Structure formats: C-alpha cells, structure tokens
file input.cif (mmCIF, C-alpha atoms and all ligand atoms)
data_input
loop_
_atom_site.group_PDB
_atom_site.id
_atom_site.type_symbol
_atom_site.label_atom_id
_atom_site.label_comp_id
_atom_site.auth_asym_id
_atom_site.auth_seq_id
_atom_site.Cartn_x
_atom_site.Cartn_y
_atom_site.Cartn_z
ATOM 1 C CA MET A 291 6.845 20.412 2.307
ATOM 2 C CA ASN A 292 5.485 18.232 -0.508
ATOM 3 C CA SER A 293 6.287 14.546 -0.768
ATOM 4 C CA LEU A 294 6.743 12.640 -4.014
ATOM 5 C CA SER A 295 3.500 11.800 -5.810
ATOM 6 C CA GLY A 296 2.425 8.381 -6.984
ATOM 7 C CA PHE A 297 3.158 9.561 -10.548
ATOM 8 C CA GLU A 298 6.766 10.358 -9.585
ATOM 9 C CA ILE A 299 7.252 7.045 -7.768
ATOM 10 C CA LEU A 300 5.858 5.024 -10.700
ATOM 11 C CA ASP A 301 8.018 6.963 -13.203
ATOM 12 C CA ALA A 302 11.167 6.597 -11.098
ATOM 13 C CA ALA A 303 10.497 2.864 -10.699
ATOM 14 C CA SER A 304 9.992 2.483 -14.470
ATOM 15 C CA SER A 305 13.219 4.300 -15.254
ATOM 16 C CA ARG A 306 15.042 1.884 -12.904
ATOM 17 C CA GLY A 307 13.444 -1.052 -14.777
ATOM 18 C CA GLN A 308 11.553 -2.146 -11.639
ATOM 19 C CA ARG A 309 8.927 -4.838 -12.419
ATOM 20 C CA ALA A 310 6.469 -3.474 -9.846
ATOM 21 C CA VAL A 311 6.407 -1.083 -6.916
ATOM 22 C CA PRO A 312 5.992 -2.409 -3.380
ATOM 23 C CA CYS A 313 3.665 -0.521 -1.052
ATOM 24 C CA ILE A 314 4.725 -1.260 2.513
ATOM 25 C CA ASP A 315 2.625 -0.362 5.563
ATOM 26 C CA VAL A 316 4.663 1.542 8.162
ATOM 27 C CA ALA A 317 2.077 1.598 10.986
ATOM 28 C CA GLY A 318 1.447 5.353 11.030
ATOM 29 C CA GLY A 319 5.135 6.246 10.555
ATOM 30 C CA ASN A 320 6.750 4.061 13.225
ATOM 31 C CA PRO A 321 10.394 5.267 12.984
ATOM 32 C CA ASP A 322 11.876 1.791 13.509
ATOM 33 C CA ILE A 323 9.733 0.309 10.744
ATOM 34 C CA VAL A 324 10.389 3.255 8.394
ATOM 35 C CA ASP A 325 14.142 3.072 9.027
ATOM 36 C CA ALA A 326 14.368 -0.705 8.563
ATOM 37 C CA VAL A 327 12.308 -0.548 5.353
ATOM 38 C CA CYS A 328 14.307 2.359 3.892
ATOM 39 C CA ARG A 329 17.675 0.724 4.597
ATOM 40 C CA ARG A 330 16.635 -2.388 2.650
ATOM 41 C CA LEU A 331 15.146 -0.309 -0.191
ATOM 42 C CA THR A 332 18.379 1.694 -0.439
ATOM 43 C CA ALA A 333 20.489 -1.459 -0.482
ATOM 44 C CA SER A 334 18.392 -2.829 -3.377
ATOM 45 C CA ASP A 335 17.891 0.561 -5.129
ATOM 46 C CA VAL A 336 14.115 0.056 -5.164
ATOM 47 C CA CYS A 337 11.389 2.756 -5.131
ATOM 48 C CA ALA A 338 8.365 2.176 -2.888
ATOM 49 C CA PHE A 339 5.224 3.628 -1.398
ATOM 50 C CA LEU A 340 5.190 3.686 2.419
ATOM 51 C CA SER A 341 1.562 3.526 3.486
ATOM 52 C CA SER A 342 -0.782 3.802 6.436
ATOM 53 C CA THR A 343 -4.517 3.965 6.904
ATOM 54 C CA PRO A 344 -6.171 7.012 8.491
ATOM 55 C CA ALA A 345 -7.034 4.871 11.563
ATOM 56 C CA SER A 346 -3.369 3.813 12.029
ATOM 57 C CA ILE A 347 -2.161 7.375 11.580
ATOM 58 C CA ASP A 348 -4.739 8.899 13.919
ATOM 59 C CA SER A 349 -4.220 6.285 16.637
ATOM 60 C CA TYR A 350 -0.432 6.861 16.525
ATOM 61 C CA LEU A 351 1.213 10.286 16.150
ATOM 62 C CA GLY A 352 -0.930 11.975 13.481
ATOM 63 C CA MET A 353 -0.705 12.944 9.809
ATOM 64 C CA GLU A 354 2.251 15.349 10.076
ATOM 65 C CA HIS A 355 4.321 12.763 11.906
ATOM 66 C CA PHE A 356 3.430 10.159 9.234
ATOM 67 C CA ARG A 357 4.710 12.506 6.512
ATOM 68 C CA ASP A 358 7.753 13.702 8.514
ATOM 69 C CA SER A 359 8.944 10.221 9.456
ATOM 70 C CA ILE A 360 9.070 9.226 5.786
ATOM 71 C CA GLU A 361 10.548 12.511 4.542
ATOM 72 C CA LEU A 362 13.289 12.284 7.175
ATOM 73 C CA ALA A 363 14.156 8.763 6.029
ATOM 74 C CA ARG A 364 14.019 9.855 2.366
ATOM 75 C CA ARG A 365 16.620 12.544 3.033
ATOM 76 C CA ARG A 366 18.751 10.437 5.363
ATOM 77 C CA HIS A 367 18.955 7.400 3.083
ATOM 78 C CA GLY A 368 18.565 9.153 -0.296
ATOM 79 C CA VAL A 369 15.808 6.649 -1.027
ATOM 80 C CA CYS A 370 12.941 6.922 -3.527
ATOM 81 C CA VAL A 371 9.867 6.687 -1.272
ATOM 82 C CA ALA A 372 6.560 8.500 -0.828
ATOM 83 C CA PRO A 373 4.006 8.466 1.970
ATOM 84 C CA HIS A 374 0.754 6.947 0.710
ATOM 85 C CA LEU A 375 -2.578 7.320 2.510
ATOM 86 C CA ASP A 376 -4.185 3.878 2.258
ATOM 87 C CA HIS A 377 -7.937 3.066 2.297
ATOM 88 C CA ALA A 378 -9.316 6.494 3.195
ATOM 89 C CA ASP A 379 -13.082 6.017 3.102
ATOM 90 C CA ASP A 380 -13.703 9.605 4.229
ATOM 91 C CA PRO A 381 -12.654 12.362 1.794
ATOM 92 C CA ALA A 382 -11.898 14.560 4.831
ATOM 93 C CA ALA A 383 -8.906 12.306 5.644
ATOM 94 C CA ILE A 384 -7.657 12.792 2.085
ATOM 95 C CA ASP A 385 -7.968 16.558 2.441
ATOM 96 C CA ARG A 386 -5.960 16.416 5.684
ATOM 97 C CA ALA A 387 -3.228 14.406 3.939
ATOM 98 C CA LEU A 388 -3.117 16.757 0.930
ATOM 99 C CA ALA A 389 -2.976 19.759 3.305
ATOM 100 C CA VAL A 390 0.287 18.511 4.862
ATOM 101 C CA GLY A 391 1.895 17.674 1.492
ATOM 102 C CA VAL A 392 1.129 13.951 1.100
ATOM 103 C CA ARG A 393 0.883 13.472 -2.674
ATOM 104 C CA SER A 394 -0.270 9.855 -2.983
ATOM 105 C CA VAL A 395 -3.699 8.893 -1.636
ATOM 106 C CA MET A 396 -6.290 6.143 -1.949
ATOM 107 C CA PHE A 397 -9.993 6.852 -1.791
ATOM 108 C CA ASP A 398 -11.860 3.696 -0.811
ATOM 109 C CA GLY A 399 -15.485 4.115 -1.820
ATOM 110 C CA SER A 400 -16.067 0.362 -1.943
ATOM 111 C CA ALA A 401 -18.913 0.584 0.605
ATOM 112 C CA LEU A 402 -20.789 3.116 -1.545
ATOM 113 C CA PRO A 403 -23.241 2.413 -4.363
ATOM 114 C CA LEU A 404 -21.464 2.592 -7.743
ATOM 115 C CA ALA A 405 -22.799 6.031 -8.735
ATOM 116 C CA ASP A 406 -21.738 7.539 -5.390
ATOM 117 C CA ASN A 407 -18.324 5.866 -5.530
ATOM 118 C CA ILE A 408 -17.840 7.372 -9.010
ATOM 119 C CA ALA A 409 -18.965 10.850 -7.911
ATOM 120 C CA VAL A 410 -16.846 10.995 -4.734
ATOM 121 C CA THR A 411 -13.789 9.440 -6.425
ATOM 122 C CA ARG A 412 -14.059 11.981 -9.249
ATOM 123 C CA SER A 413 -14.224 14.916 -6.810
ATOM 124 C CA VAL A 414 -11.240 13.544 -4.844
ATOM 125 C CA VAL A 415 -9.278 13.156 -8.109
ATOM 126 C CA GLU A 416 -9.993 16.781 -9.046
ATOM 127 C CA ARG A 417 -8.875 18.133 -5.663
ATOM 128 C CA ALA A 418 -5.772 15.913 -5.646
ATOM 129 C CA HIS A 419 -4.754 16.820 -9.198
ATOM 130 C CA ALA A 420 -5.024 20.521 -8.329
ATOM 131 C CA VAL A 421 -2.005 19.993 -6.020
ATOM 132 C CA GLY A 422 -0.182 17.406 -8.161
ATOM 133 C CA ALA A 423 -1.240 14.360 -6.131
ATOM 134 C CA SER A 424 -2.229 10.953 -7.517
ATOM 135 C CA VAL A 425 -5.332 8.993 -6.514
ATOM 136 C CA GLU A 426 -5.870 5.249 -6.249
ATOM 137 C CA ALA A 427 -9.476 4.061 -6.044
ATOM 138 C CA GLU A 428 -11.141 0.760 -5.144
ATOM 139 C CA LEU A 429 -14.064 -1.014 -6.750
ATOM 140 C CA GLY A 430 -15.801 -4.145 -5.517
ATOM 141 C CA ALA A 431 -14.854 -4.825 -1.899
ATOM 142 C CA ILE A 432 -11.504 -6.381 -1.002
ATOM 143 C CA GLY A 433 -12.189 -8.723 1.907
ATOM 144 C CA GLY A 434 -10.537 -9.003 5.307
ATOM 145 C CA LYS A 435 -9.834 -6.307 7.857
ATOM 146 C CA GLU A 436 -7.293 -3.563 7.400
ATOM 147 C CA ASP A 437 -8.062 -1.935 10.774
ATOM 148 C CA PRO A 438 -9.628 -3.286 13.996
ATOM 149 C CA GLY A 439 -13.403 -2.864 14.104
ATOM 150 C CA GLU A 440 -13.744 -2.671 10.314
ATOM 151 C CA ALA A 441 -16.514 -4.679 8.658
ATOM 152 C CA SER A 442 -15.212 -7.490 6.461
ATOM 153 C CA ILE A 443 -17.345 -7.809 3.341
ATOM 154 C CA ALA A 444 -15.797 -9.235 0.187
ATOM 155 C CA GLU A 445 -17.273 -8.792 -3.247
ATOM 156 C CA ASN A 446 -15.359 -9.137 -6.481
ATOM 157 C CA VAL A 447 -15.614 -6.310 -8.962
ATOM 158 C CA ARG A 448 -18.002 -6.673 -11.923
ATOM 159 C CA PRO A 449 -16.216 -6.068 -15.244
ATOM 160 C CA ASP A 450 -18.979 -3.849 -16.687
ATOM 161 C CA GLU A 451 -18.892 -1.708 -13.534
ATOM 162 C CA ALA A 452 -15.094 -1.519 -13.686
ATOM 163 C CA THR A 453 -15.250 -0.190 -17.261
ATOM 164 C CA ARG A 454 -17.781 2.473 -16.240
ATOM 165 C CA PHE A 455 -15.826 3.359 -13.089
ATOM 166 C CA LEU A 456 -12.569 3.856 -15.005
ATOM 167 C CA ARG A 457 -14.299 5.901 -17.720
ATOM 168 C CA GLU A 458 -16.237 8.188 -15.355
ATOM 169 C CA ALA A 459 -14.203 8.410 -12.109
ATOM 170 C CA ARG A 460 -10.800 8.347 -13.885
ATOM 171 C CA PRO A 461 -8.551 7.400 -10.939
ATOM 172 C CA ASP A 462 -4.774 7.321 -11.543
ATOM 173 C CA LEU A 463 -4.431 3.803 -10.138
ATOM 174 C CA PHE A 464 -7.143 1.165 -9.890
ATOM 175 C CA ALA A 465 -7.573 -1.372 -7.064
ATOM 176 C CA PRO A 466 -10.155 -3.943 -8.204
ATOM 177 C CA ALA A 467 -11.390 -6.658 -5.817
ATOM 178 C CA ILE A 468 -10.283 -9.921 -7.474
ATOM 179 C CA GLY A 469 -10.504 -12.374 -4.557
ATOM 180 C CA THR A 470 -7.469 -11.457 -2.450
ATOM 181 C CA VAL A 471 -8.057 -10.690 1.224
ATOM 182 C CA HIS A 472 -6.442 -8.294 3.700
ATOM 183 C CA GLY A 473 -4.880 -9.727 6.841
ATOM 184 C CA ARG A 474 -4.592 -13.250 5.429
ATOM 185 C CA ARG A 475 -1.562 -15.165 6.549
ATOM 186 C CA GLY A 476 -1.817 -18.276 4.392
ATOM 187 C CA GLY A 477 -4.295 -20.814 3.041
ATOM 188 C CA GLU A 478 -5.764 -21.061 -0.412
ATOM 189 C CA ALA A 479 -6.131 -17.862 -2.398
ATOM 190 C CA SER A 480 -9.331 -17.561 -4.409
ATOM 191 C CA ILE A 481 -8.285 -15.220 -7.182
ATOM 192 C CA ASP A 482 -10.775 -15.098 -10.060
ATOM 193 C CA TRP A 483 -8.345 -15.398 -12.980
ATOM 194 C CA THR A 484 -11.053 -15.035 -15.635
ATOM 195 C CA LEU A 485 -12.028 -11.749 -14.014
ATOM 196 C CA VAL A 486 -8.371 -10.664 -13.875
ATOM 197 C CA ASP A 487 -7.928 -11.345 -17.619
ATOM 198 C CA ARG A 488 -11.038 -9.307 -18.391
ATOM 199 C CA LEU A 489 -9.915 -6.373 -16.182
ATOM 200 C CA VAL A 490 -6.452 -6.389 -17.692
ATOM 201 C CA ALA A 491 -7.960 -6.205 -21.193
ATOM 202 C CA ASP A 492 -10.345 -3.367 -20.252
ATOM 203 C CA ARG A 493 -8.212 -1.148 -18.011
ATOM 204 C CA GLY A 494 -6.596 0.986 -20.740
ATOM 205 C CA ASP A 495 -3.454 2.678 -19.345
ATOM 206 C CA THR A 496 -4.533 2.731 -15.701
ATOM 207 C CA PRO A 497 -2.042 0.816 -13.517
ATOM 208 C CA LEU A 498 -3.626 -1.909 -11.378
ATOM 209 C CA VAL A 499 -3.016 -2.286 -7.641
ATOM 210 C CA LEU A 500 -2.829 -5.596 -5.799
ATOM 211 C CA HIS A 501 -4.197 -5.556 -2.238
ATOM 212 C CA GLY A 502 -4.044 -8.358 0.318
ATOM 213 C CA THR A 503 -0.695 -9.725 -0.877
ATOM 214 C CA THR A 504 0.522 -11.179 2.451
ATOM 215 C CA GLY A 505 0.348 -14.964 2.235
ATOM 216 C CA LEU A 506 -0.259 -15.107 -1.538
ATOM 217 C CA PRO A 507 1.867 -17.800 -3.191
ATOM 218 C CA ALA A 508 4.874 -16.449 -5.101
ATOM 219 C CA GLU A 509 3.546 -17.796 -8.411
ATOM 220 C CA ASP A 510 0.316 -15.779 -8.023
ATOM 221 C CA VAL A 511 2.238 -12.582 -7.203
ATOM 222 C CA HIS A 512 4.500 -13.095 -10.245
ATOM 223 C CA ARG A 513 1.549 -13.894 -12.524
ATOM 224 C CA LEU A 514 -0.395 -10.782 -11.428
ATOM 225 C CA ILE A 515 2.659 -8.556 -11.909
ATOM 226 C CA ASP A 516 3.231 -10.074 -15.360
ATOM 227 C CA LEU A 517 -0.413 -9.265 -16.186
ATOM 228 C CA GLY A 518 -0.017 -5.587 -15.262
ATOM 229 C CA PHE A 519 -0.434 -5.149 -11.498
ATOM 230 C CA ARG A 520 2.037 -2.361 -10.844
ATOM 231 C CA LYS A 521 1.653 -1.472 -7.140
ATOM 232 C CA VAL A 522 1.747 -4.401 -4.710
ATOM 233 C CA ASN A 523 0.544 -3.845 -1.136
ATOM 234 C CA TYR A 524 1.865 -5.495 2.017
ATOM 235 C CA ALA A 525 0.755 -4.660 5.571
ATOM 236 C CA THR A 526 0.156 -7.823 7.611
ATOM 237 C CA MET A 527 3.586 -9.301 6.867
ATOM 238 C CA ILE A 528 5.332 -6.157 8.141
ATOM 239 C CA ARG A 529 3.123 -5.677 11.215
ATOM 240 C CA ASP A 530 3.560 -9.344 12.180
ATOM 241 C CA ALA A 531 7.343 -9.148 11.687
ATOM 242 C CA TYR A 532 7.642 -6.040 13.879
ATOM 243 C CA VAL A 533 5.642 -7.488 16.776
ATOM 244 C CA ALA A 534 7.350 -10.900 16.476
ATOM 245 C CA GLY A 535 10.725 -9.111 16.602
ATOM 246 C CA LEU A 536 9.739 -7.328 19.809
ATOM 247 C CA ALA A 537 8.435 -10.573 21.314
ATOM 248 C CA ARG A 538 11.602 -12.472 20.355
ATOM 249 C CA ALA A 539 13.753 -9.992 22.298
ATOM 250 C CA LEU A 540 11.632 -10.517 25.420
ATOM 251 C CA GLU A 541 11.276 -14.286 25.188
ATOM 252 C CA GLY A 542 12.583 -16.201 28.209
ATOM 253 C CA ARG A 543 13.954 -13.029 29.854
ATOM 254 C CA THR A 544 13.576 -12.586 33.581
ATOM 255 C CA ASP A 545 15.021 -9.039 33.531
ATOM 256 C CA LEU A 546 13.749 -6.146 31.390
ATOM 257 C CA PRO A 547 16.097 -5.430 28.463
ATOM 258 C CA ARG A 548 17.061 -1.936 27.323
ATOM 259 C CA PRO A 549 14.714 -0.420 24.707
ATOM 260 C CA GLN A 550 17.534 -0.399 22.117
ATOM 261 C CA GLU A 551 17.865 -4.173 22.345
ATOM 262 C CA VAL A 552 14.139 -4.799 21.845
ATOM 263 C CA LEU A 553 13.834 -2.266 19.009
ATOM 264 C CA ALA A 554 16.928 -3.614 17.239
ATOM 265 C CA SER A 555 15.320 -7.053 17.242
ATOM 266 C CA ALA A 556 12.108 -5.577 15.747
ATOM 267 C CA ARG A 557 14.097 -3.703 13.058
ATOM 268 C CA THR A 558 15.949 -6.883 12.104
ATOM 269 C CA ALA A 559 12.660 -8.795 11.782
ATOM 270 C CA VAL A 560 11.171 -6.025 9.594
ATOM 271 C CA ALA A 561 14.313 -5.905 7.412
ATOM 272 C CA GLU A 562 14.033 -9.662 6.819
ATOM 273 C CA ALA A 563 10.355 -9.292 5.854
ATOM 274 C CA VAL A 564 11.224 -6.454 3.450
ATOM 275 C CA ASP A 565 13.863 -8.633 1.785
ATOM 276 C CA ARG A 566 11.216 -11.322 1.215
ATOM 277 C CA ILE A 567 8.850 -8.705 -0.257
ATOM 278 C CA LEU A 568 11.532 -7.294 -2.573
ATOM 279 C CA GLN A 569 12.369 -10.798 -3.750
ATOM 280 C CA LEU A 570 8.702 -11.395 -4.624
ATOM 281 C CA VAL A 571 7.901 -8.013 -6.161
ATOM 282 C CA THR A 572 11.051 -6.866 -7.921
ATOM 283 C CA VAL A 573 12.928 -10.062 -8.863
ATOM 284 C CA ARG A 574 11.739 -12.660 -11.378
HETATM 285 P P1 LIG A 601 -2.107 -7.640 3.578
HETATM 286 O O1 LIG A 601 -2.979 -7.523 4.795
HETATM 287 O O2 LIG A 601 -2.347 -8.919 2.855
HETATM 288 O O3 LIG A 601 -0.680 -7.411 3.893
HETATM 289 O O4 LIG A 601 -2.584 -6.504 2.551
HETATM 290 C C1 LIG A 601 -2.288 -5.163 2.808
HETATM 291 C C2 LIG A 601 -2.975 -4.224 1.891
HETATM 292 O O5 LIG A 601 -3.495 -4.589 0.851
HETATM 293 C C3 LIG A 601 -2.964 -2.815 2.305
HETATM 294 O O6 LIG A 601 -3.767 -2.011 1.510
#

call {"tool": "encode", "arguments": {"input": "input.cif", "output": "structure tokens", "more": "lines below"}}
Ligand code: 13P
result
Amino acid sequence: MNSLSGFEILDAASSRGQRAVPCIDVAGGNPDIVDAVCRRLTASDVCAFLSSTPASIDSYLGMEHFRDSIELARRRHGVCVAPHLDHADDPAAIDRALAVGVRSVMFDGSALPLADNIAVTRSVVERAHAVGASVEAELGAIGGKEDPGEASIAENVRPDEATRFLREARPDLFAPAIGTVHGRRGGEASIDWTLVDRLVADRGDTPLVLHGTTGLPAEDVHRLIDLGFRKVNYATMIRDAYVAGLARALEGRTDLPRPQEVLASARTAVAEAVDRILQLVTVR
C-alpha cells in the first residue's frame, strides 16, 4: 500500500491555495495524536505531512504501524495527509520506509562532509524517485535535539555550498540551517535573515523547509513563508501538548482514572496545539 508522496501533498496544498504545508510530528504513529491532528486538518481542509524520526518509530511500534496509523486516519477522515520519515541519517532507514510504501522521506546528511552528503543524498534521491517518492535533504546543521541522545551541533549553511548541493544532489525539498533550533520552547530566535535572502534567491524551484518552528514568533513564521518556505515542521509543540494533556487528567487525582478519560484529555490538548499551528502556517 503506497502513501501519498511529498509531490502529491505539495500539489494538493497548492490547488487548495494553502500558503504552506504543516509537517506535524505524530510520535511514531501514536493513534491519539494522529486522530486529533487529522480531525483538525479535516475541519480546516488543510493538507499536511505527518512525520516521525526513525528513532521515534523504532522505539514505538515500528515502520509498518507508523504508515498504517496514518493511512487508517486518511481513509477514516478523508484527509489529505502523508507519512513523512523525518531526519533519517542512515539510508537504511529510508529503504525500510520506501519498502513499506512511505513516499515522503528526509535524508539528513548534515553530519557528513559536503561531498559525502551530496553523494549519499543523490543516491537516496535516485532510489526514492524509482518508486515515486520525494526526498527532503538538509545542509548545514540545524541545532537542538530531535531525539534523546542526539548530538546538538548547530552550523548555518554556507550559500556557496547550498548552490553546489542543490545543483549536484538535486533533492526535491531543501532544509537549510538558518539559525532555528529543534526542541526550543521560546526565547530569542537567531535567524540569519541575510542568509535567508541569499538562499531564497539561489534556490531555483526547490521548495524550502523550515525546521525548529516551535517557539518561533508568529512574525518570523509569516516572513519565512512569504519568502518561500513551503513545508513548516512542528514536533516539540505537539509532544509537549500530548504529555501536558495526560498530566492534566491526572493532576490532583487520588484515584486512577479510566484510560479513555486520560487519552481524551491528551487528544484535546493536541487538537488545541494543531489549531495554533494551522493559524500560524495557513492563515495570514
Ligand atoms: P521543533 O522541535 O521546533 O518543533 O521542530 C521540529 C522539527 O523541525 C522536526 O523536523
């Protein structure tokens, strides 16, 4: 069973007149998160990527479950969503995703020297295109931690390297490190706007991807979307909402509530976070 590709999601979003496409982390295909997200997307008629990292998927219920949970919700809600494998730094994880029909993947070669990042990205793009899948690729190193235990090195992309990377690796979507940080919940952003202007001028037709969006001020999100960032990633905001929703249902209780009560509270918290994301990403 093949899922929608990144190409199909971007096209469907364009034909709906969507400003940008949210990419929402669903913690390996947690059914309560997937359901809450899809209900809000359906209500707003918005297309989205539903993502997870290989570490989240493997420490939960595996790649097939990740795909199935999203495909089930797609059919149930008639919603325009695709599973997206986020930050795969090992091409073997991409091959596992492609083998079960995931058609939107990200190869993250940011820890590799430029020439190696180009070579591995290019080979991933060729294998993905052979089955109709789209590939996002990262250059520079987006700071912060996406998974526990990950190293956190931040290094903004160099414009000359970005031009070479786009020309030689030819990814379908491009995630340049511009100063945003994963897992950040507030504080000052340090986006390099001169760098952003240069990247926007040099990127050709390749859509740009914004990582580390949780906690970014609304005006920065709007400005980046206006400049051409097309896919906008949120993980921390959703994870925090889910766990806070669970905690809220348990707060001050001396008895143990029924699972349905606790999970309903988590779904409500996720739905509220999704509404905030849709307001930021799709409304101007
Ligand atoms: P946040 O941690 O800021 O939500 O960013 C998530 C992300 O970019 C996933 O790739």

call {"tool": "closest_residue", "arguments": {"input": "input.cif", "among": "A:Ser394, A:Ser334, A:Asn320, A:Thr558", "to": "A:Leu300", "atoms": "only C-alpha atoms"}}
result
A:Ser394

call {"tool": "axis_aligned_box", "arguments": {"input": "input.cif", "around": "ligand LIG 601 (chain A)", "padding_each_side": "4 Å", "output": "lines of an AutoDock Vina configuration file"}}
result
center_x = -2.2
center_y = -5.5
center_z = 2.8
size_x = 11.1
size_y = 14.9
size_z = 11.9

call {"tool": "residues_around", "arguments": {"input": "input.cif", "residues": "A:Trp483", "least_positions_apart": "5", "cutoff": "12 Å", "atoms": "only C-alpha atoms", "output": "ChimeraX atom specification"}}
result
/A:446,467-470,488-490,510,513-514,517

call {"tool": "closest_residue", "arguments": {"input": "input.cif", "among": "A:Thr503, A:Ser295, A:Thr496, A:Thr411", "to": "ligand LIG 601 (chain A)", "atoms": "all atoms listed in the file"}}
result
A:Thr503

call {"tool": "residues_near_ligand", "arguments": {"input": "input.cif", "ligand": "ligand LIG 601 (chain A)", "cutoff": "8 Å", "atoms": "all atoms listed in the file", "output": "list in words"}}
result
Cys313, Ile314, Asp315, Ser341, Asp376, His377, Gly434, Lys435, Glu436, Thr470, Val471, His472, Gly473, Arg474, Arg475, Leu500, His501, Gly502, Thr503, Thr504, Gly505, Leu506, Val522, Asn523, Tyr524, Ala525, Thr526, Met527 and Ile528 of chain A

call {"tool": "closest_residue", "arguments": {"input": "input.cif", "among": "A:Gly433, A:Gly399, A:Gly494, A:Pro461", "to": "A:Ile481", "atoms": "all atoms listed in the file"}}
result
A:Gly433

call {"tool": "resolve_selection", "arguments": {"input": "input.cif", "expression": "the PyMOL selection byres (((chain A and resi 332) around 10) and not hetatm)", "output": "count of residues only"}}
result
16

call {"tool": "resolve_selection", "arguments": {"input": "input.cif", "expression": "the PyMOL selection byres (((chain A and resi 348) around 12) and not hetatm)", "output": "list in words"}}
result
Ala317, Gly318, Gly319, Ser342, Thr343, Pro344, Ala345, Ser346, Ile347, Ser349, Tyr350, Leu351, Gly352, Met353, Glu354, His355, Phe356, Leu375, Ala378, Ala383, Arg386, Ala387 and Asp437 of chain A

call {"tool": "build_atoms", "arguments": {"input": "input.cif", "residues": "stretch 385-400 of chain A", "atoms": "N, CA and C atoms", "output": "mmCIF file, keeping the file's coordinate frame"}}
result
data_model
loop_
_atom_site.group_PDB
_atom_site.id
_atom_site.type_symbol
_atom_site.label_atom_id
_atom_site.label_comp_id
_atom_site.auth_asym_id
_atom_site.auth_seq_id
_atom_site.Cartn_x
_atom_site.Cartn_y
_atom_site.Cartn_z
ATOM 1 N N ASP A 385 -8.247 15.120 2.395
ATOM 2 C CA ASP A 385 -7.968 16.558 2.441
ATOM 3 C C ASP A 385 -6.910 16.880 3.499
ATOM 4 N N ARG A 386 -6.975 16.180 4.640
ATOM 5 C CA ARG A 386 -5.960 16.416 5.684
ATOM 6 C C ARG A 386 -4.579 16.001 5.194
ATOM 7 N N ALA A 387 -4.525 14.875 4.457
ATOM 8 C CA ALA A 387 -3.228 14.406 3.939
ATOM 9 C C ALA A 387 -2.689 15.395 2.894
ATOM 10 N N LEU A 388 -3.563 15.815 1.978
ATOM 11 C CA LEU A 388 -3.117 16.757 0.930
ATOM 12 C C LEU A 388 -2.643 18.062 1.578
ATOM 13 N N ALA A 389 -3.318 18.482 2.658
ATOM 14 C CA ALA A 389 -2.976 19.759 3.305
ATOM 15 C C ALA A 389 -1.570 19.747 3.908
ATOM 16 N N VAL A 390 -1.075 18.550 4.291
ATOM 17 C CA VAL A 390 0.287 18.511 4.862
ATOM 18 C C VAL A 390 1.320 18.045 3.819
ATOM 19 N N GLY A 391 0.915 17.956 2.549
ATOM 20 C CA GLY A 391 1.895 17.674 1.492
ATOM 21 C C GLY A 391 2.009 16.223 1.076
ATOM 22 N N VAL A 392 1.135 15.345 1.596
ATOM 23 C CA VAL A 392 1.129 13.951 1.100
ATOM 24 C C VAL A 392 0.575 13.999 -0.323
ATOM 25 N N ARG A 393 1.256 13.347 -1.264
ATOM 26 C CA ARG A 393 0.883 13.472 -2.674
ATOM 27 C C ARG A 393 0.499 12.141 -3.309
ATOM 28 N N SER A 394 0.206 11.147 -2.477
ATOM 29 C CA SER A 394 -0.270 9.855 -2.983
ATOM 30 C C SER A 394 -1.350 9.374 -2.010
ATOM 31 N N VAL A 395 -2.583 9.248 -2.523
ATOM 32 C CA VAL A 395 -3.699 8.893 -1.636
ATOM 33 C C VAL A 395 -4.577 7.833 -2.293
ATOM 34 N N MET A 396 -5.299 7.094 -1.442
ATOM 35 C CA MET A 396 -6.290 6.143 -1.949
ATOM 36 C C MET A 396 -7.652 6.509 -1.375
ATOM 37 N N PHE A 397 -8.614 6.723 -2.259
ATOM 38 C CA PHE A 397 -9.993 6.852 -1.791
ATOM 39 C C PHE A 397 -10.653 5.488 -1.925
ATOM 40 N N ASP A 398 -11.220 5.009 -0.831
ATOM 41 C CA ASP A 398 -11.860 3.696 -0.811
ATOM 42 C C ASP A 398 -13.367 3.885 -0.670
ATOM 43 N N GLY A 399 -14.030 3.947 -1.821
ATOM 44 C CA GLY A 399 -15.485 4.115 -1.820
ATOM 45 C C GLY A 399 -16.195 2.794 -2.021
ATOM 46 N N SER A 400 -15.523 1.690 -1.642
ATOM 47 C CA SER A 400 -16.067 0.362 -1.943
ATOM 48 C C SER A 400 -17.378 0.087 -1.207
#
